[in-house]
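K.L.:
Sharing upload11.cif (mmCIF, C-alpha atoms) below.
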data_input
loop_
_atom_site.label_atom_id
_atom_site.label_comp_id
_atom_site.auth_asym_id
_atom_site.auth_seq_id
_atom_site.Cartn_x
_atom_site.Cartn_y
_atom_site.Cartn_z
CA MET A 1 1.70 -1.08 -36.23
CA ASP A 2 2.80 -4.40 -34.77
CA ALA A 3 2.31 -4.63 -31.02
CA LYS A 4 5.06 -5.81 -28.69
CA GLN A 5 4.06 -9.25 -27.37
CA LEU A 6 4.12 -9.64 -23.58
CA ASP A 7 2.57 -11.77 -20.89
CA VAL A 8 1.59 -8.95 -18.54
CA VAL A 9 1.05 -5.21 -18.90
CA VAL A 10 0.65 -3.27 -15.65
CA ILE A 11 -0.75 0.25 -15.88
CA GLY A 12 0.37 2.41 -12.97
CA ALA A 13 3.83 2.49 -11.34
CA GLY A 14 2.66 3.15 -7.80
CA ALA A 15 3.03 0.81 -4.84
CA ALA A 16 0.42 -1.69 -6.10
CA GLY A 17 1.65 -1.66 -9.69
CA LEU A 18 5.30 -2.06 -8.73
CA LEU A 19 4.66 -4.97 -6.38
CA CYS A 20 2.33 -6.67 -8.87
CA ALA A 21 4.90 -6.37 -11.66
CA ILE A 22 7.61 -7.76 -9.38
CA GLU A 23 5.56 -10.81 -8.41
CA ALA A 24 4.59 -11.48 -12.04
CA GLY A 25 8.22 -11.16 -13.13
CA LYS A 26 9.34 -13.60 -10.44
CA ARG A 27 7.02 -16.17 -12.05
CA GLY A 28 8.90 -15.86 -15.31
CA ARG A 29 6.28 -13.70 -17.01
CA ARG A 30 7.35 -11.07 -19.55
CA VAL A 31 6.20 -7.84 -17.88
CA VAL A 32 6.08 -4.16 -18.75
CA LEU A 33 5.06 -1.50 -16.23
CA LEU A 34 3.66 1.72 -17.75
CA ASP A 35 3.03 5.13 -16.19
CA HIS A 36 2.46 8.63 -17.50
CA ALA A 37 4.58 10.16 -14.71
CA ARG A 38 8.26 11.06 -14.99
CA LYS A 39 9.14 9.02 -11.90
CA PRO A 40 7.72 5.84 -10.37
CA GLY A 41 6.29 5.63 -6.86
CA GLU A 42 5.55 9.30 -6.30
CA LYS A 43 2.86 8.62 -3.69
CA ILE A 44 5.28 6.35 -1.87
CA ARG A 45 7.79 9.19 -1.81
CA ILE A 46 5.40 11.67 -0.14
CA SER A 47 3.67 9.20 2.18
CA GLY A 48 4.21 9.38 5.91
CA GLY A 49 5.53 12.90 5.69
CA GLY A 50 8.36 11.71 3.46
CA ARG A 51 9.23 8.72 5.65
CA CYS A 52 6.72 6.23 4.17
CA ASN A 53 4.37 4.49 6.57
CA PHE A 54 4.90 1.28 4.62
CA THR A 55 2.78 -1.19 6.61
CA ASN A 56 1.03 -1.91 9.89
CA LEU A 57 1.85 -4.76 12.26
CA HIS A 58 -1.85 -5.31 12.93
CA THR A 59 -3.01 -5.55 9.30
CA SER A 60 -5.91 -8.00 9.19
CA PRO A 61 -9.19 -8.44 7.29
CA ASP A 62 -11.28 -7.11 10.18
CA ALA A 63 -9.58 -3.72 9.78
CA TYR A 64 -11.15 -3.23 6.32
CA LEU A 65 -14.61 -1.87 5.54
CA SER A 66 -16.32 -3.39 2.51
CA GLN A 67 -19.70 -4.52 1.25
CA ASN A 68 -17.92 -7.87 0.87
CA PRO A 69 -16.01 -8.30 4.16
CA ARG A 70 -14.15 -11.36 2.83
CA PHE A 71 -12.86 -9.56 -0.25
CA CYS A 72 -9.39 -8.95 1.23
CA VAL A 73 -9.01 -12.22 3.18
CA SER A 74 -7.24 -14.13 0.40
CA ALA A 75 -4.79 -11.36 -0.46
CA LEU A 76 -3.85 -10.64 3.15
CA SER A 77 -3.32 -14.32 3.96
CA ARG A 78 -1.13 -14.95 0.90
CA TYR A 79 1.07 -11.88 1.38
CA THR A 80 1.23 -10.59 4.94
CA ALA A 81 2.65 -7.43 6.46
CA HIS A 82 5.52 -9.55 7.78
CA ASP A 83 6.40 -10.66 4.25
CA PHE A 84 6.91 -7.04 3.27
CA ILE A 85 8.79 -6.29 6.49
CA ALA A 86 11.17 -9.14 5.66
CA LEU A 87 11.80 -7.57 2.25
CA VAL A 88 12.48 -4.17 3.84
CA GLU A 89 14.90 -5.73 6.30
CA SER A 90 16.72 -7.62 3.53
CA TYR A 91 17.61 -4.23 2.02
CA GLY A 92 18.86 -2.89 5.34
CA ILE A 93 16.20 -0.16 5.53
CA ALA A 94 15.92 1.04 9.13
CA TYR A 95 12.41 1.58 10.45
CA HIS A 96 10.47 2.16 13.66
CA GLU A 97 6.99 1.71 15.03
CA LYS A 98 5.35 5.08 15.53
CA LYS A 99 2.06 4.09 17.18
CA LEU A 100 -0.60 1.40 16.94
CA GLY A 101 1.61 -0.81 14.78
CA GLN A 102 2.39 1.85 12.15
CA LEU A 103 5.85 1.30 10.66
CA PHE A 104 7.83 4.23 9.24
CA CYS A 105 11.28 4.46 7.67
CA ASP A 106 13.90 6.06 9.91
CA GLY A 107 15.16 7.90 6.85
CA SER A 108 13.67 8.96 3.53
CA SER A 109 10.82 7.08 1.87
CA GLN A 110 13.01 7.04 -1.25
CA GLY A 111 14.59 3.92 0.24
CA ILE A 112 11.33 2.02 -0.29
CA VAL A 113 11.06 3.28 -3.87
CA ASP A 114 14.66 2.26 -4.59
CA MET A 115 14.01 -1.17 -3.07
CA LEU A 116 11.00 -1.80 -5.30
CA LEU A 117 12.87 -0.63 -8.40
CA ALA A 118 15.74 -2.97 -7.53
CA GLU A 119 13.25 -5.83 -7.21
CA CYS A 120 11.85 -4.90 -10.64
CA ARG A 121 15.33 -5.19 -12.13
CA HIS A 122 15.87 -8.59 -10.49
CA ALA A 123 12.52 -9.77 -11.91
CA ASN A 124 13.34 -8.41 -15.40
CA VAL A 125 10.42 -5.98 -15.36
CA ALA A 126 10.59 -3.33 -18.10
CA ILE A 127 9.41 0.11 -16.98
CA GLY A 128 8.03 2.70 -19.39
CA LEU A 129 7.61 6.19 -17.91
CA ASN A 130 6.27 9.34 -19.59
CA THR A 131 3.91 6.95 -21.38
CA GLU A 132 0.28 7.94 -21.91
CA ILE A 133 -2.36 5.25 -22.33
CA GLU A 134 -4.38 6.10 -25.44
CA GLN A 135 -6.61 3.05 -25.81
CA VAL A 136 -7.24 -0.36 -24.27
CA SER A 137 -9.06 -3.03 -26.28
CA ARG A 138 -9.69 -6.76 -26.31
CA CYS A 139 -8.40 -8.80 -29.24
CA GLY A 140 -9.54 -12.40 -28.88
CA LEU A 141 -7.85 -13.80 -25.78
CA ASN A 142 -5.40 -10.88 -25.59
CA PHE A 143 -5.54 -7.26 -24.56
CA ARG A 144 -4.08 -4.55 -26.75
CA VAL A 145 -2.79 -1.38 -25.12
CA ARG A 146 -2.08 1.58 -27.38
CA THR A 147 0.30 4.13 -25.87
CA THR A 148 2.43 7.08 -26.85
CA ALA A 149 5.40 4.68 -26.70
CA GLY A 150 3.85 2.13 -29.06
CA ASP A 151 1.40 -0.75 -28.85
CA PHE A 152 1.55 -3.71 -26.45
CA SER A 153 -0.30 -7.03 -26.60
CA CYS A 154 -0.69 -9.16 -23.47
CA THR A 155 -2.62 -12.06 -22.01
CA SER A 156 -2.98 -10.35 -18.61
CA LEU A 157 -3.73 -6.67 -18.08
CA VAL A 158 -3.49 -5.14 -14.62
CA VAL A 159 -4.94 -1.68 -14.04
CA ALA A 160 -3.27 -0.20 -10.94
CA SER A 161 -3.64 3.46 -11.84
CA GLY A 162 -5.19 4.48 -8.54
CA GLY A 163 -7.96 7.01 -8.03
CA LEU A 164 -8.42 10.77 -8.11
CA SER A 165 -6.94 11.52 -4.69
CA ILE A 166 -4.13 13.90 -5.71
CA PRO A 167 -4.75 15.40 -9.18
CA LYS A 168 -1.77 17.75 -8.74
CA MET A 169 0.46 14.66 -8.84
CA GLY A 170 -1.13 13.48 -12.06
CA ALA A 171 -3.93 11.29 -10.69
CA THR A 172 -6.65 10.68 -13.29
CA GLY A 173 -9.83 8.66 -13.67
CA LEU A 174 -8.25 6.26 -16.19
CA GLY A 175 -8.93 3.21 -14.05
CA TYR A 176 -12.62 4.07 -13.78
CA GLU A 177 -12.85 4.62 -17.53
CA ILE A 178 -11.31 1.22 -18.31
CA ALA A 179 -13.60 -0.49 -15.78
CA ARG A 180 -16.70 1.07 -17.35
CA GLN A 181 -15.45 0.20 -20.83
CA PHE A 182 -15.43 -3.49 -19.92
CA GLY A 183 -18.81 -3.37 -18.21
CA LEU A 184 -17.65 -3.32 -14.60
CA ALA A 185 -19.83 -1.46 -12.13
CA VAL A 186 -18.15 1.61 -10.63
CA VAL A 187 -19.34 3.09 -7.35
CA PRO A 188 -19.55 6.88 -7.79
CA PRO A 189 -16.24 8.15 -6.32
CA ARG A 190 -16.29 10.50 -3.35
CA ALA A 191 -13.53 12.32 -1.53
CA ALA A 192 -12.07 10.37 1.40
CA LEU A 193 -9.72 11.24 4.26
CA VAL A 194 -10.90 14.85 4.16
CA PRO A 195 -12.32 17.24 6.78
CA PHE A 196 -16.07 17.64 7.18
CA THR A 197 -17.87 18.54 3.97
CA TRP A 198 -20.86 20.84 4.45
CA SER A 199 -23.66 22.24 2.37
CA GLU A 200 -23.79 26.01 1.90
CA PRO A 201 -26.40 26.53 4.68
CA GLN A 202 -24.32 24.40 7.08
CA LEU A 203 -21.14 26.27 6.18
CA ALA A 204 -22.87 29.60 6.86
CA LEU A 205 -24.01 28.32 10.25
CA TRP A 206 -20.80 26.67 11.44
CA GLY A 207 -18.00 28.22 9.38
CA SER A 208 -17.10 30.77 12.03
CA LEU A 209 -16.09 27.95 14.38
CA ALA A 210 -13.22 26.82 12.11
CA GLY A 211 -10.14 26.03 14.18
CA VAL A 212 -12.02 25.99 17.50
CA ALA A 213 -11.58 22.97 19.82
CA VAL A 214 -14.48 22.10 22.11
CA PRO A 215 -15.15 19.25 24.56
CA ALA A 216 -17.74 16.95 23.02
CA GLU A 217 -19.49 13.68 23.71
CA VAL A 218 -20.18 11.48 20.69
CA GLN A 219 -22.68 8.63 20.71
CA SER A 220 -23.50 6.14 18.00
CA GLY A 221 -25.78 3.14 17.54
CA PRO A 222 -28.68 1.70 19.52
CA SER A 223 -26.54 1.10 22.61
CA ALA A 224 -24.90 4.51 22.37
CA SER A 225 -25.12 5.12 26.11
CA ALA A 226 -22.56 2.36 26.61
CA LYS A 227 -20.30 3.67 23.84
CA ALA A 228 -20.02 7.36 24.62
CA TYR A 229 -16.62 9.00 24.16
CA SER A 230 -15.70 12.41 25.51
CA SER A 231 -12.85 14.14 23.72
CA PRO A 232 -11.91 17.55 22.35
CA ILE A 233 -13.07 17.93 18.76
CA VAL A 234 -11.38 20.42 16.44
CA VAL A 235 -13.84 21.97 13.98
#
Would you mind writing the file out in structure tokens?

P.N.:
Amino acid sequence: MDAKQLDVVVIGAGAAGLLCAIEAGKRGRRVVLLDHARKPGEKIRISGGGRCNFTNLHTSPDAYLSQNPRFCVSALSRYTAHDFIALVESYGIAYHEKKLGQLFCDGSSQGIVDMLLAECRHANVAIGLNTEIEQVSRCGLNFRVRTTAGDFSCTSLVVASGGLSIPKMGATGLGYEIARQFGLAVVPPRAALVPFTWSEPQLALWGSLAGVAVPAEVQSGPSASAKAYSSPIVV
């Protein structure tokens, strides 16, 4: 089967995939955005309790934890939080600061999804939903992506399929599989943004305290005595 020739194929129609496809399209690249979901931007829709906490006024490299602290410097300097805020304002989307620089829509997060889809249309980005990725391969200088909607050939392949955070919404390990296929090292994934995780003996010892708030003092590091915080902790 002949593959459709493109410049860029983006796998994953979440926030990262949508914005990447938009920027590539603005540069005159022929772009297709593929996702196995029925709708794009589902995590955007549910974020912030349905009001989308779309950025933070204090976004900066020192707020990120990484084995390579400078990894995000280039990206955050080339496209800042204020660049995205300007885009939001150009679409007349009302928003407010909740706390510590967190910006939320006044109304539904669907406004952010609609904005990104409108930007895709302006940038001539084709979007293929309900499309399963069956195989990714390298053919000379190009990538070939075999899908349930046909084959695509491209010079640039972007994998923005996310992680395993919400399987009920269709999250899969596709991105990890593609990374391993091309010899990229993958750090074993672990659950994040979750409550305490305990071993069975620990659960037996502390489980009965679930839901109990107690005053506690927490210390950390060699100079912990100077960095002690006293606050109620909910178990």

K.L.:
Using all atoms listed in the file, can you tell me which of A:Leu76, A:Leu19, A:Val158, A:Val32 comes closest to Ala126 in chain A?

P.N.:
A:Val32

K.L.:
Which residue gives the smallest distance to Lys4 in chain A among A:Ile166, A:Ala185, A:Leu117, A:Ala149, with all atoms listed in the file counted?

P.N.:
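Residue with the minimum atom-to-atom distance to Lys4 in chain A: A:Ala149.
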
K.L.:
If we count only C-alpha atoms and set the cut-off at 9 Å, which residues sit around Ala16 in chain A, ignoring sequence neighbours fewer than 4 positions away in its own chain? Please answer as a ChimeraX atom specification.

P.N.:
/A:12,20-21,160-162

K.L.:
For range 102-113 of chain A, find every residue with an atom within 6 Å (counting only C-alpha atoms), except residues of its own chain fewer than 2 positions away, and show them as an MDAnalysis selection string.

P.N.:
chainID A and resid 45 50:53 55:56 94:100 115:116

K.L.:
CA of Tyr91 in chain A and CA of Arg30 in chain A are how many Å apart?

P.N.:
24.8 Å
